[in-house]
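Enquirer: A single structure is presented below for examination.
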Amino acid sequence: MSFTFHRTELAAAMAHQLLHPGPLDQTLQSGLFISGPRRVGKTTFLKYDLIPELEKQGAIVIYVDLWAQPQANPADLVIAEIRKTLQDLSTSQSALLSRLKALSHIEVGAGGFKFGVKLDQLGKPNGAPLAEAITELVDEARANVVLIIDEVQHTLGTTQGSDLLFALKAAREAVNKRLDTPGRFIFIGTGSHRAQVQELVVRGNQAFQGAESREFPVLGADYVQFMLEQIRPQLLEMTPSLPVATAAFEQLGSKPEEITKAFQALRAADRSVPADTQLPIIVNALKVSAGDIELARLEQLGSLPGEVFSRICAAKDTAKGLYSAKALEDYSKALGREVTSTEVQTALAALSDANLVMRKDHGRYEVTDPFVKQARKDQLLMLAPDPDLISQQSTG
């Protein structure tokens, strides 16, 4: 029995937009960046749903997980996977080559494709650039090529990472701007450091500035229903109802690992008390524990970042006015000293580096993980039961 929950409809819709873009999907030609909190199922969706669907629709997919080797040069990992794909297609026994033949009925020699680039020199100073290799791949296979870089934010902060993204932008321009191109080069970047992923598309000095940015759609009630069906033989009469389980899942940040912990605790709970009564209690305990861990990272940053973070949490949507005179007055009052706009800028940079907040637009910020946002708001309510003490932070 498979315990993997498949999101086939979402994958099919996304693949169709990428491979067969309509008038409103043309921004995807510039690249697609998907971000979401940690442990909400992004990589699972990529590997088990989106990639198979892209391949089903005739695309060649190259997947690179930068988190697998976080200390490695991102360019080395990407070049290695591109080289592997080209070598695979140069072999007569290639499963990928067989799939392409079946889908497009292309004519290929007995030894597979013959590429002009020297694979052992790919990406090196005197070797073929990535743009040339990817262009040859598109032309020979006569197919769309999709490169997916998981945890793409690892390209930030190094010259090699920046050079890689500009090389991929050059490949995008070389392939996609040809009127007679037999296929397109599509770039997808995903990441859990939402602040940094957002920076890749909003900063003017980034290669993919202006590319489309999307929030990863978290799992919902259909996933919870699937989970309940899987665990019912183990929980028996302690299986909670779908509405209660769904509410618990949402309160835990829509994270599969967290709801699994809750169900495990429910299995060991007192069976004389109904599951629907016990599950909310278990969830609250898990929320406090997980919230303490996340907020401990915030406390390590210092008092001012904590005040700025609280102000962002208090905003209904994106927070603005974080440098306003009213905001500086509130920070100064809370800390008992004068606070400058330069200090606030430093605090925001620290919060962004810690993946606690992300810049959505000029002067506008929001919390990267809704679960942490709620944990902070709950903490503030405990410290200051008067809602006015919290809501006043969102003004100014």
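FYI, nothing fancy with the structure tokens labels: chains A, B, ... in order, residues from 1 per chain, ligands from 1 as they appear.
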List every residue of segment 147-334 of chain A that DSSP, applied to the backbone of this structure, places in strand (DSSP E or B), and write the result as a PyMOL selection string.

Expert: chain A and resi 147-150+185-191+212-215+319

Enquirer: Could you save those same residues with N, CA and C atoms as a short mmCIF file (atom, residue, chain, number, x, y, z; two decimals), in the first residue's frame?

Expert:
```
data_model
loop_
_atom_site.label_atom_id
_atom_site.label_comp_id
_atom_site.auth_asym_id
_atom_site.auth_seq_id
_atom_site.Cartn_x
_atom_site.Cartn_y
_atom_site.Cartn_z
N LEU A 147 14.30 22.67 -15.84
CA LEU A 147 15.30 22.53 -14.79
C LEU A 147 14.66 22.97 -13.48
N ILE A 148 14.66 22.09 -12.48
CA ILE A 148 14.11 22.39 -11.16
C ILE A 148 15.25 22.40 -10.15
N ILE A 149 15.44 23.53 -9.49
CA ILE A 149 16.44 23.62 -8.42
C ILE A 149 15.69 23.75 -7.10
N ASP A 150 15.78 22.72 -6.29
CA ASP A 150 15.15 22.71 -4.97
C ASP A 150 16.09 23.38 -3.97
N PHE A 185 13.13 26.33 -22.69
CA PHE A 185 13.84 26.05 -21.45
C PHE A 185 13.07 26.72 -20.32
N ILE A 186 12.63 25.92 -19.38
CA ILE A 186 11.80 26.40 -18.28
C ILE A 186 12.56 26.20 -16.97
N PHE A 187 12.66 27.27 -16.20
CA PHE A 187 13.38 27.20 -14.93
C PHE A 187 12.41 27.32 -13.76
N ILE A 188 12.53 26.40 -12.80
CA ILE A 188 11.72 26.44 -11.59
C ILE A 188 12.66 26.41 -10.39
N GLY A 189 12.49 27.36 -9.50
CA GLY A 189 13.26 27.37 -8.26
C GLY A 189 12.31 27.28 -7.09
N THR A 190 12.60 26.40 -6.14
CA THR A 190 11.76 26.27 -4.95
C THR A 190 12.62 26.42 -3.71
N GLY A 191 11.99 26.79 -2.61
CA GLY A 191 12.77 26.93 -1.39
C GLY A 191 11.91 27.15 -0.17
N GLU A 212 8.11 35.05 -12.10
CA GLU A 212 6.89 34.85 -11.32
C GLU A 212 7.20 34.17 -9.99
N SER A 213 6.58 34.68 -8.95
CA SER A 213 6.76 34.13 -7.61
C SER A 213 5.41 33.65 -7.10
N ARG A 214 5.38 32.43 -6.56
CA ARG A 214 4.13 31.88 -6.04
C ARG A 214 4.34 31.26 -4.67
N GLU A 215 3.29 31.32 -3.86
CA GLU A 215 3.30 30.61 -2.60
C GLU A 215 2.93 29.16 -2.86
N ALA A 319 3.03 44.16 6.53
CA ALA A 319 3.25 45.28 7.43
C ALA A 319 4.00 46.39 6.71
#
```

Enquirer: Tell me, as a list of chain:residue names, which residues lie within 7 Å of segment 153-170 of chain A, counting only C-alpha atoms; anything in the same chain fewer than 6 positions away does not count.

Expert: A:Leu66, A:Asn73, A:Pro74, A:Ala75, A:Leu130, A:Ala131, A:Gly191, A:His193, A:Gln196, A:Val197, A:Ala207, A:Phe208

Enquirer: What would the file look like if the residues just selected were written as an mmCIF file, in the first residue's frame with N, CA and C atoms?

Expert:
```cif
data_model
loop_
_atom_site.group_PDB
_atom_site.id
_atom_site.type_symbol
_atom_site.label_atom_id
_atom_site.label_comp_id
_atom_site.auth_asym_id
_atom_site.auth_seq_id
_atom_site.Cartn_x
_atom_site.Cartn_y
_atom_site.Cartn_z
ATOM 1 N N LEU A 66 19.728 21.286 -3.883
ATOM 2 C CA LEU A 66 20.904 21.914 -3.294
ATOM 3 C C LEU A 66 21.032 21.626 -1.805
ATOM 4 N N ASN A 73 29.409 23.568 -4.210
ATOM 5 C CA ASN A 73 29.173 24.669 -5.132
ATOM 6 C C ASN A 73 27.899 24.364 -5.922
ATOM 7 N N PRO A 74 26.855 25.207 -5.819
ATOM 8 C CA PRO A 74 25.608 24.932 -6.545
ATOM 9 C C PRO A 74 25.821 24.707 -8.037
ATOM 10 N N ALA A 75 26.750 25.444 -8.629
ATOM 11 C CA ALA A 75 27.006 25.295 -10.062
ATOM 12 C C ALA A 75 27.501 23.888 -10.382
ATOM 13 N N LEU A 130 26.667 26.791 -20.340
ATOM 14 C CA LEU A 130 25.408 26.072 -20.126
ATOM 15 C C LEU A 130 24.396 26.398 -21.227
ATOM 16 N N ALA A 131 24.385 27.629 -21.687
ATOM 17 C CA ALA A 131 23.423 28.016 -22.731
ATOM 18 C C ALA A 131 23.586 27.170 -23.980
ATOM 19 N N GLY A 191 11.993 26.792 -2.609
ATOM 20 C CA GLY A 191 12.769 26.929 -1.390
ATOM 21 C C GLY A 191 11.912 27.150 -0.168
ATOM 22 N N HIS A 193 13.326 28.812 2.533
ATOM 23 C CA HIS A 193 13.736 30.099 3.087
ATOM 24 C C HIS A 193 13.022 31.154 2.258
ATOM 25 N N GLN A 196 14.548 34.612 1.325
ATOM 26 C CA GLN A 196 15.615 34.615 0.335
ATOM 27 C C GLN A 196 15.102 34.253 -1.056
ATOM 28 N N VAL A 197 14.144 33.341 -1.134
ATOM 29 C CA VAL A 197 13.562 33.015 -2.440
ATOM 30 C C VAL A 197 12.897 34.256 -3.029
ATOM 31 N N ALA A 207 19.527 37.664 -11.338
ATOM 32 C CA ALA A 207 19.341 37.216 -12.719
ATOM 33 C C ALA A 207 17.867 37.034 -13.081
ATOM 34 N N PHE A 208 17.079 36.546 -12.131
ATOM 35 C CA PHE A 208 15.672 36.251 -12.423
ATOM 36 C C PHE A 208 14.737 37.291 -11.818
#
```

Enquirer: For Ala262 of chain A, which residue out of A:Phe249, A:Tyr323, A:Phe5, A:Phe33 is the nearest one, using only C-alpha atoms?

Expert: A:Phe249

Enquirer: Against segment 111-117 of chain A, which residues of segment 51-87 of chain A fall within 12 Å? For each one I want the closest pair of atoms and the distance in Å (one decimal), counting only C-alpha atoms, rows by chain and increasing residue number, as a tab-separated table.

Expert:
```
residue	atom	partner	partner_atom	distance
A:Ile82	CA	A:Val117	CA	11.9
A:Arg83	CA	A:Val117	CA	10.1
A:Thr85	CA	A:Phe113	CA	11.1
A:Leu86	CA	A:Phe115	CA	7.7
A:Gln87	CA	A:Phe113	CA	9.0
```

Enquirer: Write out as a VMD selection string which residues come within 7 Å of segment 177-183 of chain A when counting only C-alpha atoms, dropping same-chain ones fewer than 5 positions away.

Expert: chain A and resid 138 to 139 142 to 144
